[in-house]
$ cat my_file-v9.pdb   # PDB, C-alpha atoms
ATOM      1  CA  MET A  96     -97.741 153.016  24.819
ATOM      2  CA  SER A  97     -97.605 154.040  28.470
ATOM      3  CA  ALA A  98    -100.600 154.564  30.702
ATOM      4  CA  GLU A  99    -100.108 158.313  30.594
ATOM      5  CA  GLN A 100    -100.352 158.604  26.856
ATOM      6  CA  HIS A 101    -103.811 159.214  25.486
ATOM      7  CA  PRO A 102    -104.433 156.863  22.569
ATOM      8  CA  GLN A 103    -106.250 159.641  20.724
ATOM      9  CA  ASP A 104    -103.335 162.095  20.925
ATOM     10  CA  PRO A 105    -102.329 162.949  17.365
ATOM     11  CA  SER A 106     -98.706 162.777  16.293
ATOM     12  CA  ALA A 107     -98.903 166.152  14.582
ATOM     13  CA  VAL A 108    -101.517 168.579  13.278
ATOM     14  CA  VAL A 109    -101.871 171.395  10.786
ATOM     15  CA  ALA A 110    -102.004 174.374  13.140
ATOM     16  CA  THR A 111    -104.724 176.247  11.237
ATOM     17  CA  GLU A 112    -106.972 173.155  11.387
ATOM     18  CA  VAL A 113    -107.119 173.244  15.197
ATOM     19  CA  ALA A 114    -110.476 174.663  16.331
ATOM     20  CA  PRO A 115    -110.314 178.201  17.742
ATOM     21  CA  ARG A 116    -110.894 178.670  21.452
ATOM     22  CA  ALA A 117    -114.641 178.848  22.044
ATOM     23  CA  LYS A 118    -114.540 181.754  24.512
ATOM     24  CA  PRO A 119    -112.649 184.594  22.846
ATOM     25  CA  SER A 120    -111.759 186.470  26.060
ATOM     26  CA  ASN A 121    -112.120 186.340  29.829
ATOM     27  CA  TYR A 122    -111.954 190.135  30.128
ATOM     28  CA  PRO A 123    -115.007 192.007  31.412
ATOM     29  CA  GLU A 124    -116.430 194.783  29.248
ATOM     30  CA  PRO A 125    -115.334 197.236  27.983
ATOM     31  CA  TYR A 126    -112.087 195.272  27.608
ATOM     32  CA  ALA A 127    -113.505 192.129  25.940
ATOM     33  CA  SER A 128    -114.586 194.209  22.944
ATOM     34  CA  ARG A 129    -111.048 195.448  22.426
ATOM     35  CA  VAL A 130    -109.891 191.906  21.687
ATOM     36  CA  SER A 131    -112.985 190.879  19.717
ATOM     37  CA  GLY A 132    -110.901 190.614  16.527
ATOM     38  CA  ARG A 133    -108.542 188.129  18.185
ATOM     39  CA  GLU A 134    -108.762 184.376  17.595
ATOM     40  CA  LYS A 135    -106.657 181.797  19.442
ATOM     41  CA  ARG A 136    -105.938 178.165  18.580
ATOM     42  CA  ALA A 137    -104.514 176.347  21.602
ATOM     43  CA  LEU A 138    -101.874 174.187  19.920
ATOM     44  CA  GLY A 139    -100.213 172.938  23.086
ATOM     45  CA  GLU A 140    -103.494 171.546  24.411
ATOM     46  CA  VAL A 141    -103.861 169.339  21.325
ATOM     47  CA  PHE A 142    -100.924 167.396  22.744
ATOM     48  CA  ALA A 143    -102.003 167.726  26.400
ATOM     49  CA  LEU A 144     -98.941 169.798  27.300
ATOM     50  CA  ARG A 145     -99.010 171.058  30.878
ATOM     51  CA  ASN A 146     -95.895 173.147  31.511
ATOM     52  CA  PHE A 147     -96.494 175.794  28.882
ATOM     53  CA  GLY A 148     -99.116 176.845  26.379
ATOM     54  CA  VAL A 149     -98.602 177.600  22.682
ATOM     55  CA  ASN A 150    -101.291 179.461  20.775
ATOM     56  CA  LEU A 151    -101.629 180.280  17.093
ATOM     57  CA  THR A 152    -103.255 183.694  17.326
ATOM     58  CA  ARG A 153    -104.837 185.828  14.584
ATOM     59  CA  LEU A 154    -105.493 189.541  14.924
ATOM     60  CA  GLN A 155    -107.896 191.178  12.508
ATOM     61  CA  PRO A 156    -107.101 194.772  11.530
ATOM     62  CA  GLY A 157    -107.675 196.955  14.572
ATOM     63  CA  ALA A 158    -107.399 194.120  17.099
ATOM     64  CA  ILE A 159    -104.941 193.902  19.977
ATOM     65  CA  SER A 160    -103.260 190.819  21.432
ATOM     66  CA  ALA A 161    -104.286 191.661  25.003
ATOM     67  CA  LEU A 162    -104.477 194.655  27.269
ATOM     68  CA  ARG A 163    -100.961 195.923  27.838
ATOM     69  CA  HIS A 164     -99.709 193.861  30.760
ATOM     70  CA  THR A 165     -96.797 192.283  32.564
ATOM     71  CA  HIS A 166     -96.484 188.955  34.403
ATOM     72  CA  SER A 167     -94.755 188.504  37.744
ATOM     73  CA  ARG A 168     -93.602 184.898  37.276
ATOM     74  CA  GLN A 169     -94.495 183.693  33.790
ATOM     75  CA  ASP A 170     -92.300 184.326  30.765
ATOM     76  CA  GLU A 171     -93.872 185.003  27.379
ATOM     77  CA  PHE A 172     -92.575 184.793  23.811
ATOM     78  CA  ILE A 173     -94.060 185.624  20.417
ATOM     79  CA  TYR A 174     -92.963 184.830  16.848
ATOM     80  CA  VAL A 175     -94.659 186.623  13.940
ATOM     81  CA  LEU A 176     -95.785 184.403  11.050
ATOM     82  CA  GLU A 177     -97.869 186.861   8.983
ATOM     83  CA  GLY A 178     -98.640 190.566   8.941
ATOM     84  CA  HIS A 179     -97.089 193.565  10.636
ATOM     85  CA  PRO A 180     -98.127 194.119  14.258
ATOM     86  CA  VAL A 181     -96.750 196.918  16.399
ATOM     87  CA  LEU A 182     -95.205 195.882  19.707
ATOM     88  CA  VAL A 183     -95.962 198.428  22.438
ATOM     89  CA  THR A 184     -93.871 198.378  25.619
ATOM     90  CA  ASP A 185     -92.773 200.868  28.260
ATOM     91  CA  GLN A 186     -89.936 201.783  25.873
ATOM     92  CA  GLY A 187     -92.269 202.732  23.050
ATOM     93  CA  GLU A 188     -93.339 201.159  19.786
ATOM     94  CA  THR A 189     -91.490 198.594  17.643
ATOM     95  CA  PRO A 190     -92.835 197.600  14.214
ATOM     96  CA  LEU A 191     -92.686 193.844  13.673
ATOM     97  CA  ALA A 192     -92.703 191.712  10.540
ATOM     98  CA  PRO A 193     -92.822 187.978   9.710
ATOM     99  CA  GLY A 194     -89.765 186.209  11.088
ATOM    100  CA  MET A 195     -89.373 188.626  14.005
ATOM    101  CA  CYS A 196     -89.774 187.561  17.605
ATOM    102  CA  ALA A 197     -89.966 189.126  21.047
ATOM    103  CA  GLY A 198     -89.708 187.811  24.577
ATOM    104  CA  PHE A 199     -91.165 189.145  27.807
ATOM    105  CA  ARG A 200     -89.226 188.111  30.864
ATOM    106  CA  ALA A 201     -91.251 187.555  34.014
ATOM    107  CA  GLY A 202     -90.874 190.170  36.701
ATOM    108  CA  ASN A 203     -89.161 192.878  34.679
ATOM    109  CA  GLY A 204     -92.226 195.109  34.901
ATOM    110  CA  ASN A 205     -92.144 196.040  31.212
ATOM    111  CA  ALA A 206     -95.782 195.916  30.087
ATOM    112  CA  HIS A 207     -96.397 194.835  26.500
ATOM    113  CA  HIS A 208     -98.970 193.992  23.880
ATOM    114  CA  LEU A 209     -99.341 193.789  20.101
ATOM    115  CA  VAL A 210    -101.578 196.080  18.057
ATOM    116  CA  ASN A 211    -102.625 195.376  14.482
ATOM    117  CA  ARG A 212    -102.809 198.810  12.861
ATOM    118  CA  GLY A 213    -102.426 197.402   9.344
ATOM    119  CA  ASP A 214    -104.967 196.322   6.745
ATOM    120  CA  GLU A 215    -103.870 192.683   6.720
ATOM    121  CA  VAL A 216    -104.393 189.929   9.247
ATOM    122  CA  VAL A 217    -101.599 189.330  11.761
ATOM    123  CA  VAL A 218    -100.768 185.733  12.684
ATOM    124  CA  TYR A 219     -98.271 184.843  15.394
ATOM    125  CA  LEU A 220     -97.270 182.062  17.748
ATOM    126  CA  GLU A 221     -97.337 182.877  21.449
ATOM    127  CA  VAL A 222     -95.766 180.838  24.220
ATOM    128  CA  GLY A 223     -96.328 181.254  27.947
ATOM    129  CA  ASP A 224     -95.382 178.986  30.801
ATOM    130  CA  ARG A 225     -97.636 178.017  33.698
ATOM    131  CA  THR A 226     -95.476 178.796  36.698
ATOM    132  CA  ARG A 227     -97.685 178.973  39.787
ATOM    133  CA  GLY A 228     -98.216 182.110  41.836
ATOM    134  CA  ASP A 229     -98.266 184.404  38.808
ATOM    135  CA  SER A 230     -99.926 187.808  38.896
ATOM    136  CA  VAL A 231    -100.675 190.213  36.071
ATOM    137  CA  ASN A 232    -100.417 193.996  36.099
ATOM    138  CA  TYR A 233    -102.307 196.231  33.637
ATOM    139  CA  PRO A 234    -100.739 199.693  33.894
ATOM    140  CA  ASP A 235    -103.044 201.380  31.344
ATOM    141  CA  ASP A 236    -106.417 200.042  32.486
ATOM    142  CA  ASP A 237    -108.534 199.824  35.630
ATOM    143  CA  LEU A 238    -108.265 196.074  35.750
ATOM    144  CA  ALA A 239    -106.791 193.667  38.277
ATOM    145  CA  ALA A 240    -106.711 189.881  38.140
ATOM    146  CA  VAL A 241    -107.571 188.343  41.507
ATOM    147  CA  ILE A 242    -108.184 184.805  42.767
ATOM    148  CA  GLY A 243    -111.936 184.183  42.913
ATOM    149  CA  PRO A 244    -113.939 181.931  45.282
ATOM    150  CA  ASP A 245    -113.524 178.961  42.936
ATOM    151  CA  GLY A 246    -109.741 179.339  43.000
ATOM    152  CA  GLY A 247    -109.608 180.577  39.418
ATOM    153  CA  TRP A 248    -108.751 184.033  38.127
ATOM    154  CA  GLN A 249    -111.383 186.745  38.223
ATOM    155  CA  PHE A 250    -111.174 190.323  37.118
ATOM    156  CA  ALA A 251    -111.930 193.311  39.334
ATOM    157  CA  HIS A 252    -111.401 197.047  39.364
ATOM    158  CA  LYS A 253    -108.073 198.058  40.876
ATOM    159  CA  ASP A 254    -109.854 199.123  44.077
ATOM    160  CA  GLY A 255    -111.250 195.577  44.390
ATOM    161  CA  ARG A 256    -114.829 196.230  43.207
ATOM    162  CA  PRO A 257    -116.040 193.383  40.973
ATOM    163  CA  TYR A 258    -116.984 193.945  37.344
TER
ATOM    164  CA  MET B 323     -87.203 200.374  33.920
ATOM    165  CA  SER B 324     -86.970 198.013  36.844
ATOM    166  CA  ALA B 325     -83.760 196.707  38.320
ATOM    167  CA  GLU B 326     -84.404 193.304  36.802
ATOM    168  CA  GLN B 327     -84.579 194.535  33.256
ATOM    169  CA  HIS B 328     -81.319 194.601  31.370
ATOM    170  CA  PRO B 329     -80.957 197.911  29.540
ATOM    171  CA  GLN B 330     -79.424 196.093  26.578
ATOM    172  CA  ASP B 331     -82.365 193.726  26.132
ATOM    173  CA  PRO B 332     -83.811 194.345  22.675
ATOM    174  CA  SER B 333     -87.522 194.861  22.179
ATOM    175  CA  ALA B 334     -87.601 192.425  19.270
ATOM    176  CA  VAL B 335     -85.212 190.752  16.831
ATOM    177  CA  VAL B 336     -85.220 189.140  13.414
ATOM    178  CA  ALA B 337     -84.889 185.486  14.379
ATOM    179  CA  THR B 338     -82.455 184.569  11.599
ATOM    180  CA  GLU B 339     -80.129 187.407  12.690
ATOM    181  CA  VAL B 340     -79.541 185.840  16.106
ATOM    182  CA  ALA B 341     -76.123 184.170  16.208
ATOM    183  CA  PRO B 342     -76.208 180.358  16.147
ATOM    184  CA  ARG B 343     -75.219 178.490  19.278
ATOM    185  CA  ALA B 344     -71.429 178.181  19.322
ATOM    186  CA  LYS B 345     -71.294 174.551  20.441
ATOM    187  CA  PRO B 346     -73.432 172.540  18.035
ATOM    188  CA  SER B 347     -73.993 169.561  20.344
ATOM    189  CA  ASN B 348     -73.206 168.215  23.800
ATOM    190  CA  TYR B 349     -73.419 164.603  22.616
ATOM    191  CA  PRO B 350     -70.287 162.448  22.710
ATOM    192  CA  GLU B 351     -69.202 160.768  19.488
ATOM    193  CA  PRO B 352     -70.486 158.986  17.505
ATOM    194  CA  TYR B 353     -73.693 160.871  18.290
ATOM    195  CA  ALA B 354     -72.401 164.427  17.813
ATOM    196  CA  SER B 355     -71.727 163.704  14.149
ATOM    197  CA  ARG B 356     -75.332 162.665  13.614
ATOM    198  CA  VAL B 357     -76.477 166.204  14.439
ATOM    199  CA  SER B 358     -73.609 167.993  12.681
ATOM    200  CA  GLY B 359     -76.039 169.428  10.112
ATOM    201  CA  ARG B 360     -78.138 171.006  12.877
ATOM    202  CA  GLU B 361     -77.907 174.699  13.765
ATOM    203  CA  LYS B 362     -79.730 176.308  16.704
ATOM    204  CA  ARG B 363     -80.452 179.960  17.411
ATOM    205  CA  ALA B 364     -81.475 180.422  21.050
ATOM    206  CA  LEU B 365     -84.234 183.011  20.660
ATOM    207  CA  GLY B 366     -85.500 182.902  24.233
ATOM    208  CA  GLU B 367     -82.053 183.724  25.617
ATOM    209  CA  VAL B 368     -81.988 186.970  23.618
ATOM    210  CA  PHE B 369     -84.700 188.137  26.002
ATOM    211  CA  ALA B 370     -83.218 186.436  29.089
ATOM    212  CA  LEU B 371     -86.198 184.107  29.460
ATOM    213  CA  ARG B 372     -85.740 181.551  32.227
ATOM    214  CA  ASN B 373     -88.821 179.309  32.342
ATOM    215  CA  PHE B 374     -88.593 177.908  28.840
ATOM    216  CA  GLY B 375     -86.307 177.979  25.835
ATOM    217  CA  VAL B 376     -87.249 178.710  22.229
ATOM    218  CA  ASN B 377     -84.834 177.804  19.442
ATOM    219  CA  LEU B 378     -84.944 178.490  15.728
ATOM    220  CA  THR B 379     -83.385 175.296  14.422
ATOM    221  CA  ARG B 380     -82.176 174.440  10.904
ATOM    222  CA  LEU B 381     -81.566 170.909   9.691
ATOM    223  CA  GLN B 382     -79.511 170.402   6.579
ATOM    224  CA  PRO B 383     -80.474 167.449   4.361
ATOM    225  CA  GLY B 384     -79.617 164.271   6.246
ATOM    226  CA  ALA B 385     -79.528 165.896   9.689
ATOM    227  CA  ILE B 386     -81.647 164.910  12.675
ATOM    228  CA  SER B 387     -83.080 167.154  15.401
ATOM    229  CA  ALA B 388     -81.660 165.013  18.222
ATOM    230  CA  LEU B 389     -81.277 161.384  19.088
ATOM    231  CA  ARG B 390     -84.738 159.911  19.515
ATOM    232  CA  HIS B 391     -85.589 160.633  23.134
ATOM    233  CA  THR B 392     -88.236 161.316  25.721
ATOM    234  CA  HIS B 393     -88.271 163.652  28.753
ATOM    235  CA  SER B 394     -89.589 162.712  32.175
ATOM    236  CA  ARG B 395     -90.715 166.191  33.276
ATOM    237  CA  GLN B 396     -90.198 168.695  30.462
ATOM    238  CA  ASP B 397     -92.744 169.234  27.707
ATOM    239  CA  GLU B 398     -91.580 169.967  24.181
ATOM    240  CA  PHE B 399     -93.283 171.510  21.144
ATOM    241  CA  ILE B 400     -92.206 172.108  17.550
ATOM    242  CA  TYR B 401     -93.683 174.200  14.719
ATOM    243  CA  VAL B 402     -92.381 173.723  11.171
ATOM    244  CA  LEU B 403     -91.534 176.912   9.265
ATOM    245  CA  GLU B 404     -89.767 175.513   6.182
ATOM    246  CA  GLY B 405     -89.093 172.142   4.613
ATOM    247  CA  HIS B 406     -90.499 168.670   5.167
ATOM    248  CA  PRO B 407     -89.064 166.789   8.140
ATOM    249  CA  VAL B 408     -90.253 163.342   9.164
ATOM    250  CA  LEU B 409     -91.381 162.965  12.764
ATOM    251  CA  VAL B 410     -90.380 159.582  14.175
ATOM    252  CA  THR B 411     -92.086 158.336  17.346
ATOM    253  CA  ASP B 412     -92.928 154.987  18.926
ATOM    254  CA  GLN B 413     -96.044 155.014  16.694
ATOM    255  CA  GLY B 414     -94.062 155.290  13.479
ATOM    256  CA  GLU B 415     -93.350 158.043  10.985
ATOM    257  CA  THR B 416     -95.360 161.183  10.250
ATOM    258  CA  PRO B 417     -94.391 163.463   7.344
ATOM    259  CA  LEU B 418     -94.527 167.144   8.339
ATOM    260  CA  ALA B 419     -94.823 170.328   6.316
ATOM    261  CA  PRO B 420     -94.703 174.075   6.990
ATOM    262  CA  GLY B 421     -97.558 175.097   9.283
ATOM    263  CA  MET B 422     -97.655 171.745  11.058
ATOM    264  CA  CYS B 423     -96.822 171.315  14.718
ATOM    265  CA  ALA B 424     -96.280 168.547  17.226
ATOM    266  CA  GLY B 425     -96.098 168.377  21.003
ATOM    267  CA  PHE B 426     -94.314 165.916  23.252
ATOM    268  CA  ARG B 427     -95.860 165.630  26.678
ATOM    269  CA  ALA B 428     -93.486 164.964  29.541
ATOM    270  CA  GLY B 429     -93.609 161.508  31.013
ATOM    271  CA  ASN B 430     -95.607 159.759  28.308
ATOM    272  CA  GLY B 431     -92.585 157.691  27.291
ATOM    273  CA  ASN B 432     -93.103 158.275  23.570
ATOM    274  CA  ALA B 433     -89.613 158.916  22.170
ATOM    275  CA  HIS B 434     -89.400 161.316  19.238
ATOM    276  CA  HIS B 435     -87.134 163.168  16.874
ATOM    277  CA  LEU B 436     -87.184 164.837  13.462
ATOM    278  CA  VAL B 437     -85.243 163.572  10.454
ATOM    279  CA  ASN B 438     -84.602 165.632   7.337
ATOM    280  CA  ARG B 439     -84.685 163.113   4.502
ATOM    281  CA  GLY B 440     -85.425 165.757   1.872
ATOM    282  CA  ASP B 441     -83.185 167.839  -0.373
ATOM    283  CA  GLU B 442     -84.202 171.178   1.148
ATOM    284  CA  VAL B 443     -83.315 172.722   4.481
ATOM    285  CA  VAL B 444     -85.791 172.247   7.333
ATOM    286  CA  VAL B 445     -86.432 175.175   9.675
ATOM    287  CA  TYR B 446     -88.577 174.889  12.782
ATOM    288  CA  LEU B 447     -89.235 176.492  16.125
ATOM    289  CA  GLU B 448     -88.769 174.292  19.186
ATOM    290  CA  VAL B 449     -89.966 175.058  22.697
ATOM    291  CA  GLY B 450     -88.992 173.258  25.876
ATOM    292  CA  ASP B 451     -89.547 174.201  29.480
ATOM    293  CA  ARG B 452     -86.959 174.005  32.237
ATOM    294  CA  THR B 453     -88.779 172.070  34.923
ATOM    295  CA  ARG B 454     -86.245 170.748  37.422
ATOM    296  CA  GLY B 455     -85.551 167.088  38.013
ATOM    297  CA  ASP B 456     -85.893 166.160  34.355
ATOM    298  CA  SER B 457     -84.315 163.047  32.911
ATOM    299  CA  VAL B 458     -83.956 161.952  29.308
ATOM    300  CA  ASN B 459     -84.268 158.453  27.885
ATOM    301  CA  TYR B 460     -82.739 157.404  24.551
ATOM    302  CA  PRO B 461     -84.345 154.084  23.606
ATOM    303  CA  ASP B 462     -82.391 153.576  20.361
ATOM    304  CA  ASP B 463     -78.860 154.441  21.547
ATOM    305  CA  ASP B 464     -76.398 153.466  24.264
ATOM    306  CA  LEU B 465     -76.568 156.873  25.871
ATOM    307  CA  ALA B 466     -77.693 158.081  29.290
ATOM    308  CA  ALA B 467     -77.698 161.603  30.654
ATOM    309  CA  VAL B 468     -76.429 161.751  34.231
ATOM    310  CA  ILE B 469     -75.611 164.517  36.697
ATOM    311  CA  GLY B 470     -71.852 165.150  36.662
ATOM    312  CA  PRO B 471     -69.539 166.367  39.471
ATOM    313  CA  ASP B 472     -70.171 170.008  38.520
ATOM    314  CA  GLY B 473     -73.934 169.537  38.850
ATOM    315  CA  GLY B 474     -74.482 169.771  35.087
ATOM    316  CA  TRP B 475     -75.557 167.059  32.681
ATOM    317  CA  GLN B 476     -73.000 164.595  31.411
ATOM    318  CA  PHE B 477     -73.409 161.703  29.029
ATOM    319  CA  ALA B 478     -72.465 158.126  29.794
ATOM    320  CA  HIS B 479     -73.077 154.655  28.437
ATOM    321  CA  LYS B 480     -76.220 153.053  29.814
ATOM    322  CA  ASP B 481     -74.107 150.867  32.096
ATOM    323  CA  GLY B 482     -72.591 154.028  33.606
ATOM    324  CA  ARG B 483     -69.209 153.989  31.849
ATOM    325  CA  PRO B 484     -68.188 157.506  30.784
ATOM    326  CA  TYR B 485     -67.694 158.422  27.160
TER
END

$ encode --input "my_file-v9.pdb" --output "structure tokens"
Amino acid sequence: MSAEQHPQDPSAVVATEVAPRAKPSNYPEPYASRVSGREKRALGEVFALRNFGVNLTRLQPGAISALRHTHSRQDEFIYVLEGHPVLVTDQGETPLAPGMCAGFRAGNGNAHHLVNRGDEVVVYLEVGDRTRGDSVNYPDDDLAAVIGPDGGWQFAHKDGRPY
Amino acid sequence: MSAEQHPQDPSAVVATEVAPRAKPSNYPEPYASRVSGREKRALGEVFALRNFGVNLTRLQPGAISALRHTHSRQDEFIYVLEGHPVLVTDQGETPLAPGMCAGFRAGNGNAHHLVNRGDEVVVYLEVGDRTRGDSVNYPDDDLAAVIGPDGGWQFAHKDGRPY
């Protein structure tokens, strides 16, 4: 075992047994409420991965995956395990089903999110890398992600006023 | 639609309808034969993702995911969809089942692969990023990945002799 390996790292886990993320959303209100039916299990962090994150995410009926958004430098990918979310992009709406997947290439400007309009829970895997210098654009909402005084992301209105 | 978006990029696909990778393996013999029951569908490439790859991979009974290996800079992650592969690492063997996942942190030196010892097909998603400067170590086999004259990866014996 090398010095970099953590002795407590598990070999493998049952994804649904990973504890959900304690803080459901970093969005300010009124946006946090729109994702209140969303629950994320950070699977990649169980194994201390650094280059990308993998979440097992559940959307209750009525919940959305995120505000519709696009990344400048980070790719994203989703694979549907359960339920029937609707993928909304600049091109319109695409109904999804288990076994379907979608990818969102960094920098293409095509904003996307998933909406659970059904009566059943939606469960999907989401992957996103951690390329530095990323920025996020929310075309439908008065929200901008900016670097705060602590170096982390903070949200503001698009004219710069803080929430 | 921005200039960077390809008009032909689909919004979403059924993962099993993506064509399998034409060349099953880059390994030289006798190693290529050991993964002959492996089939990969490159899901991330459908969406022109660049920062990481996502494959839907099937292992027939008796097949292995790869030679047991470890990456210096690239993280890897797998999520089992069907079947019961065995995960083999430096710590031993871990039986997996649908809904289980495992992550392989870059640089920890813990070599890993999956083996399908069952009678049913194994299907899993695998994610790996594309951080530059990566190298791969195969502790069980006389194989080394080296940069060839065209700048791409080539395989050689560990003493440098080409295959």

$ interface_residues --input "my_file-v9.pdb" --of "chain A" --to "chain B" --cutoff "7 Å" --atoms "all atoms listed in the file" --output "list in words"
Ser97, Glu99, Gln100, Ser106, Ala107, Val108, Val109, Ala110, Gly139, Phe142, Ala143, Leu144, Asn146, Asp170, Gly194, Met195, Cys196, Ala197, Gly198, Phe199, Arg200, Asn203, Gly204 and Asp224 of chain A

$ closest_residue --input "my_file-v9.pdb" --among "A:His252, A:Arg212, A:Arg133, A:Lys118" --to "Leu154 of chain A" --atoms "all atoms listed in the file"
A:Arg133

$ atom_distance --input "my_file-v9.pdb" --atom1 "atom CA of Arg454 of chain B" --atom2 "atom CA of Ala478 of chain B"
20.2 Å

$ atom_distance --input "my_file-v9.pdb" --atom1 "atom CA of Asn348 of chain B" --atom2 "atom CA of Glu448 of chain B"
17.3 Å

$ axis_aligned_box --input "my_file-v9.pdb" --around "segment 140-156 of chain A" --padding-each-side "3 Å" --output "JSON"
{"center_x": -101.9, "center_y": 181.1, "center_z": 21.5, "size_x": 18.0, "size_y": 33.4, "size_z": 26.0}

$ resolve_selection --input "my_file-v9.pdb" --expression "the PyMOL selection byres ((chain B and resi 405) around 6)" --output "list of chain:residue names"
B:Glu404, B:His406, B:Val443, B:Val444

$ write_last_selection --input "my_file-v9.pdb" --atoms "C-alpha atoms" --output "mmCIF file, in the frame of the given file"
data_model
loop_
_atom_site.group_PDB
_atom_site.id
_atom_site.type_symbol
_atom_site.label_atom_id
_atom_site.label_comp_id
_atom_site.auth_asym_id
_atom_site.auth_seq_id
_atom_site.Cartn_x
_atom_site.Cartn_y
_atom_site.Cartn_z
ATOM 1 C CA GLU B 404 -89.767 175.513 6.182
ATOM 2 C CA HIS B 406 -90.499 168.670 5.167
ATOM 3 C CA VAL B 443 -83.315 172.722 4.481
ATOM 4 C CA VAL B 444 -85.791 172.247 7.333
#

$ decode --input "my_file-v9.pdb" --residues "segment 447-452 of chain B" --atoms "all heavy atoms" --output "CSV table (one decimal), in the first residue's frame"
chain,number,residue,atom,x,y,z
B,447,LEU,N,-20.6,0.7,-16.5
B,447,LEU,CA,-20.2,2.0,-17.0
B,447,LEU,C,-18.8,2.2,-16.4
B,447,LEU,O,-18.5,2.0,-15.3
B,447,LEU,CB,-21.1,3.1,-16.5
B,447,LEU,CG,-22.5,3.1,-17.1
B,447,LEU,CD1,-23.3,4.2,-16.4
B,447,LEU,CD2,-22.4,3.5,-18.6
B,448,GLU,N,-17.9,2.7,-17.3
B,448,GLU,CA,-16.5,3.1,-16.8
B,448,GLU,C,-16.2,4.5,-17.2
B,448,GLU,O,-16.6,4.9,-18.3
B,448,GLU,CB,-15.5,2.1,-17.3
B,448,GLU,CG,-15.4,2.0,-18.8
B,448,GLU,CD,-14.4,1.0,-19.3
B,448,GLU,OE1,-13.7,0.4,-18.5
B,448,GLU,OE2,-14.3,0.8,-20.6
B,449,VAL,N,-15.6,5.3,-16.3
B,449,VAL,CA,-15.3,6.7,-16.5
B,449,VAL,C,-13.8,6.8,-16.3
B,449,VAL,O,-13.3,6.3,-15.3
B,449,VAL,CB,-16.0,7.6,-15.6
B,449,VAL,CG1,-15.7,9.1,-15.8
B,449,VAL,CG2,-17.5,7.4,-15.6
B,450,GLY,N,-13.1,7.5,-17.2
B,450,GLY,CA,-11.7,7.9,-17.0
B,450,GLY,C,-11.4,9.2,-17.5
B,450,GLY,O,-11.9,9.6,-18.6
B,451,ASP,N,-10.7,10.0,-16.8
B,451,ASP,CA,-10.4,11.4,-17.4
B,451,ASP,C,-9.2,11.3,-18.3
B,451,ASP,O,-8.5,10.2,-18.5
B,451,ASP,CB,-10.1,12.4,-16.2
B,451,ASP,CG,-8.9,12.0,-15.4
B,451,ASP,OD1,-9.1,11.3,-14.4
B,451,ASP,OD2,-7.8,12.5,-15.7
B,452,ARG,N,-8.8,12.4,-18.9
B,452,ARG,CA,-7.8,12.5,-19.9
B,452,ARG,C,-6.7,13.4,-19.5
B,452,ARG,O,-6.1,14.1,-20.4
B,452,ARG,CB,-8.4,12.8,-21.3
B,452,ARG,CG,-9.3,11.7,-21.7
B,452,ARG,CD,-10.1,12.0,-23.0
B,452,ARG,NE,-10.8,10.8,-23.4
B,452,ARG,CZ,-11.9,10.9,-24.2
B,452,ARG,NH1,-12.3,12.0,-24.7
B,452,ARG,NH2,-12.5,9.8,-24.5
